[in-house]
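One file, query-v7.tsv, carrying TSV, C-alpha atoms:
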```tsv
chain	number	residue	atom	x	y	z
A	1	MET	CA	-24.42	-17.12	31.10
A	2	PRO	CA	-21.48	-19.35	30.17
A	3	PHE	CA	-20.73	-20.10	26.55
A	4	CYS	CA	-20.90	-23.68	25.44
A	5	TYR	CA	-19.88	-23.52	21.80
A	6	ASN	CA	-16.38	-23.34	20.39
A	7	VAL	CA	-17.48	-22.72	16.82
A	8	ALA	CA	-20.87	-21.34	15.79
A	9	LYS	CA	-22.94	-21.90	12.72
A	10	ALA	CA	-24.59	-18.66	11.70
A	11	ILE	CA	-26.45	-18.39	8.45
A	12	ASP	CA	-24.77	-21.55	7.18
A	13	ILE	CA	-21.22	-20.40	7.89
A	14	GLU	CA	-18.88	-21.71	10.56
A	15	ILE	CA	-17.34	-19.00	12.73
A	16	ALA	CA	-14.67	-18.94	15.44
A	17	ILE	CA	-13.12	-16.17	17.54
A	18	ARG	CA	-9.51	-16.41	18.74
A	19	TYR	CA	-7.42	-13.76	20.43
A	20	TYR	CA	-4.28	-13.03	22.41
A	21	SER	CA	-4.51	-10.54	25.27
A	22	LYS	CA	-1.99	-9.59	27.94
A	23	LEU	CA	-3.87	-6.75	29.58
A	24	GLY	CA	-7.46	-7.89	28.97
A	25	HIS	CA	-8.50	-5.24	26.42
A	26	THR	CA	-8.46	-7.56	23.41
A	27	LYS	CA	-10.18	-10.24	25.50
A	28	ASP	CA	-12.98	-7.78	26.34
A	29	ILE	CA	-13.56	-7.00	22.66
A	30	ALA	CA	-13.37	-10.68	21.67
A	31	GLU	CA	-15.90	-11.62	24.33
A	32	ALA	CA	-18.26	-8.83	23.22
A	33	MET	CA	-18.08	-10.19	19.67
A	34	GLY	CA	-18.68	-13.70	20.96
A	35	GLU	CA	-21.66	-12.54	22.99
A	36	GLU	CA	-23.18	-11.00	19.87
A	37	LEU	CA	-22.64	-14.15	17.80
A	38	GLY	CA	-23.52	-16.61	20.56
A	39	ILE	CA	-20.11	-18.26	20.57
A	40	GLN	CA	-17.16	-18.42	22.92
A	41	ALA	CA	-14.11	-16.30	22.23
A	42	ILE	CA	-11.06	-18.42	23.03
A	43	SER	CA	-7.56	-17.30	23.90
A	44	ILE	CA	-4.82	-18.81	21.76
A	45	VAL	CA	-3.06	-19.55	25.04
A	46	ASP	CA	-5.91	-21.92	25.95
A	47	GLU	CA	-6.19	-23.36	22.42
A	48	PRO	CA	-2.90	-22.97	20.55
A	49	LYS	CA	-4.27	-24.58	17.35
A	50	LEU	CA	-7.62	-24.18	15.64
A	51	ASP	CA	-9.31	-27.56	16.00
A	52	LYS	CA	-12.06	-27.31	13.38
A	53	ALA	CA	-12.52	-25.89	9.89
A	54	VAL	CA	-14.23	-22.49	9.78
A	55	ASP	CA	-15.47	-20.14	7.12
A	56	VAL	CA	-14.65	-17.04	9.17
A	57	LEU	CA	-12.03	-16.72	11.87
A	58	PHE	CA	-12.07	-13.51	13.89
A	59	LEU	CA	-8.48	-13.11	15.11
A	60	GLY	CA	-7.37	-10.39	17.49
A	61	GLY	CA	-4.33	-9.11	19.30
A	62	ALA	CA	-2.44	-5.95	20.10
A	63	PRO	CA	1.13	-4.72	19.87
A	64	TYR	CA	3.15	-4.64	23.06
A	65	ALA	CA	5.96	-2.07	22.98
A	66	ASN	CA	4.84	-1.60	19.35
A	67	VAL	CA	5.58	-5.24	18.44
A	68	MET	CA	3.20	-8.17	17.95
A	69	ASP	CA	3.57	-10.74	20.71
A	70	GLU	CA	5.46	-13.88	19.69
A	71	LYS	CA	2.54	-16.12	20.77
A	72	LEU	CA	0.24	-14.42	18.27
A	73	ARG	CA	2.91	-14.49	15.55
A	74	THR	CA	3.42	-18.23	16.12
A	75	TYR	CA	-0.34	-18.84	16.02
A	76	ALA	CA	-0.62	-17.04	12.69
A	77	ASN	CA	2.42	-18.80	11.24
A	78	GLU	CA	1.08	-22.21	12.27
A	79	LEU	CA	-2.54	-21.60	11.23
A	80	ASP	CA	-3.54	-24.29	8.74
A	81	PRO	CA	-4.86	-22.61	5.57
A	82	ASN	CA	-6.99	-25.70	4.92
A	83	LEU	CA	-8.99	-24.91	8.08
A	84	VAL	CA	-9.75	-21.24	7.42
A	85	LYS	CA	-11.49	-19.67	4.44
A	86	LYS	CA	-11.25	-16.08	5.68
A	87	VAL	CA	-9.77	-14.16	8.61
A	88	VAL	CA	-11.27	-10.97	10.00
A	89	LEU	CA	-8.87	-9.06	12.25
A	90	PHE	CA	-9.41	-6.90	15.31
A	91	THR	CA	-6.98	-5.05	17.53
A	92	THR	CA	-6.71	-2.90	20.62
A	93	SER	CA	-3.84	-0.61	21.45
A	94	ASN	CA	-2.89	2.87	22.49
A	95	TRP	CA	-2.01	4.03	18.98
A	96	SER	CA	-0.44	1.38	16.79
A	97	ARG	CA	-2.17	-0.88	14.29
A	98	ARG	CA	1.08	-2.67	13.52
A	99	THR	CA	-0.31	-6.02	14.64
A	100	VAL	CA	-3.01	-5.87	11.95
A	101	ARG	CA	-0.46	-5.14	9.23
A	102	SER	CA	1.82	-7.94	10.44
A	103	LEU	CA	-0.99	-10.48	10.69
A	104	LYS	CA	-2.29	-9.58	7.23
A	105	LYS	CA	1.13	-10.16	5.73
A	106	ILE	CA	1.65	-13.52	7.47
A	107	LEU	CA	-1.80	-14.84	6.64
A	108	LYS	CA	-1.87	-13.65	3.03
A	109	ASN	CA	1.55	-15.22	2.44
A	110	LYS	CA	0.01	-18.51	3.60
A	111	GLY	CA	-2.78	-18.12	1.03
A	112	ILE	CA	-5.44	-17.27	3.60
A	113	GLU	CA	-7.95	-14.60	2.59
A	114	VAL	CA	-7.92	-11.65	4.98
A	115	GLU	CA	-10.74	-9.13	5.09
A	116	ASP	CA	-9.47	-5.63	4.30
A	117	GLU	CA	-11.70	-4.05	6.93
A	118	TYR	CA	-10.68	-4.62	10.54
A	119	PHE	CA	-11.90	-3.49	13.95
A	120	TYR	CA	-9.84	-1.14	16.12
A	121	ALA	CA	-10.49	-0.11	19.71
A	122	HIS	CA	-8.26	2.30	21.57
A	123	MET	CA	-7.16	0.68	24.82
A	124	LEU	CA	-8.53	3.61	26.86
A	125	ASN	CA	-11.97	3.38	25.21
A	126	ILE	CA	-12.76	-0.34	25.30
A	127	ALA	CA	-16.11	-0.10	27.08
A	128	ASN	CA	-17.43	2.46	24.61
A	129	ARG	CA	-16.25	0.40	21.61
A	130	LYS	CA	-17.96	-2.85	22.65
A	131	PRO	CA	-21.26	-2.02	20.91
A	132	LYS	CA	-19.37	-1.24	17.68
A	133	SER	CA	-17.39	-4.48	18.00
A	134	LYS	CA	-20.68	-6.37	18.18
A	135	GLU	CA	-21.93	-4.64	15.02
A	136	PHE	CA	-18.64	-5.44	13.30
A	137	ALA	CA	-18.83	-9.13	14.23
A	138	LYS	CA	-22.43	-9.38	13.11
A	139	LYS	CA	-21.58	-7.79	9.77
A	140	PHE	CA	-18.96	-10.41	8.91
A	141	ALA	CA	-20.92	-13.30	10.34
A	142	GLN	CA	-23.54	-12.65	7.68
A	143	LYS	CA	-21.27	-12.63	4.64
```
Whole structure, structure tokens version:
Amino acid sequence: MPFCYNVAKAIDIEIAIRYYSKLGHTKDIAEAMGEELGIQAISIVDEPKLDKAVDVLFLGGAPYANVMDEKLRTYANELDPNLVKKVVLFTTSNWSRRTVRSLKKILKNKGIEVEDEYFYAHMLNIANRKPKSKEFAKKFAQK
């Protein structure tokens, strides 16, 4: 069933899911979260700027060669703090959570609240982590 909503309203909060994925692992997790919340997860390649104010932005990406991709870094640097009340991060990788640490630093320096808890899925265990990613998304969609 195709998604038709860019931003969802769940329990009186506006929610969006954005991600950057080269290999498809982060996309898989983002789409599982979107499925749970009834909203479309959108790649930052397809929508380089958030187009609507949200209460919660789920933002995901992974390190490539242990470094956050420049597209994701640019997205975070250009994210308008007036459009986002809180960011909840998620990541996929083989072993590094460096992207989460880098994103937290960028976003907090912009004055954007970042949830301390984040979701991690090992790139070789994506299918088994999808149910947990759905639970994670649901948890922060209700706050």
For stretch 82-94 of chain A: contacts at 6 Å, all atoms listed in the file, fewer than 2 positions along chain excluded, given as a PyMOL selection string: chain A and resi 26+53-62+80+113-115+118-123
Separation of atom CA of A:Ile17 from atom CA of A:Met33, in Å and rounded to one decimal: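 Between these atoms lies a distance of 8.1 Å.
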Atom CA of A:Leu79 to atom CA of A:Ser43, straight-line distance in Å: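 Between atom CA of A:Ser43 and atom CA of A:Leu79 the gap works out to 14.3 Å.
If only C-alpha atoms are the atoms counted, then among A:Lys22, A:Lys108, A:Arg97, A:Lys52 the closest residue to A:Asn77 is A:Lys108.
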Given the point (-3.2, -17.0, 18.6) in the coordinates of this file, which residues lie within 6 Å, counting only C-alpha atoms, and how would they look as a short mmCIF file (atom, residue, chain, number, x, y, z; two decimals) with C-alpha atoms, keeping the file's coordinate frame?
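Below is the file out23.cif, written as the result:
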```cif
data_model
loop_
_atom_site.label_atom_id
_atom_site.label_comp_id
_atom_site.auth_asym_id
_atom_site.auth_seq_id
_atom_site.Cartn_x
_atom_site.Cartn_y
_atom_site.Cartn_z
CA TYR A 19 -7.42 -13.76 20.43
CA TYR A 20 -4.28 -13.03 22.41
CA ILE A 44 -4.82 -18.81 21.76
CA LEU A 72 0.24 -14.42 18.27
CA TYR A 75 -0.34 -18.84 16.02
#
```
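In this model, the gap between atom CA of A:Lys134 and atom CA of A:Glu14 comes to 17.2 Å.
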Could you give me the axis-aligned bounding box of stretch 100-119 of chain A, with 6 Å of padding per side, as centre plus edge lengths in Å to one decimal, as lines of an AutoDock Vina configuration file?
```
center_x = -5.0
center_y = -11.0
center_z = 7.5
size_x = 25.7
size_y = 27.0
size_z = 24.9
```
Among the residues A:Leu37, A:Ala76, A:Ile126, A:Ile112, the one that comes closest to A:Gly24 [using all atoms listed in the file]: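 Answer, going by the shortest atom-to-atom distance: A:Ile126.
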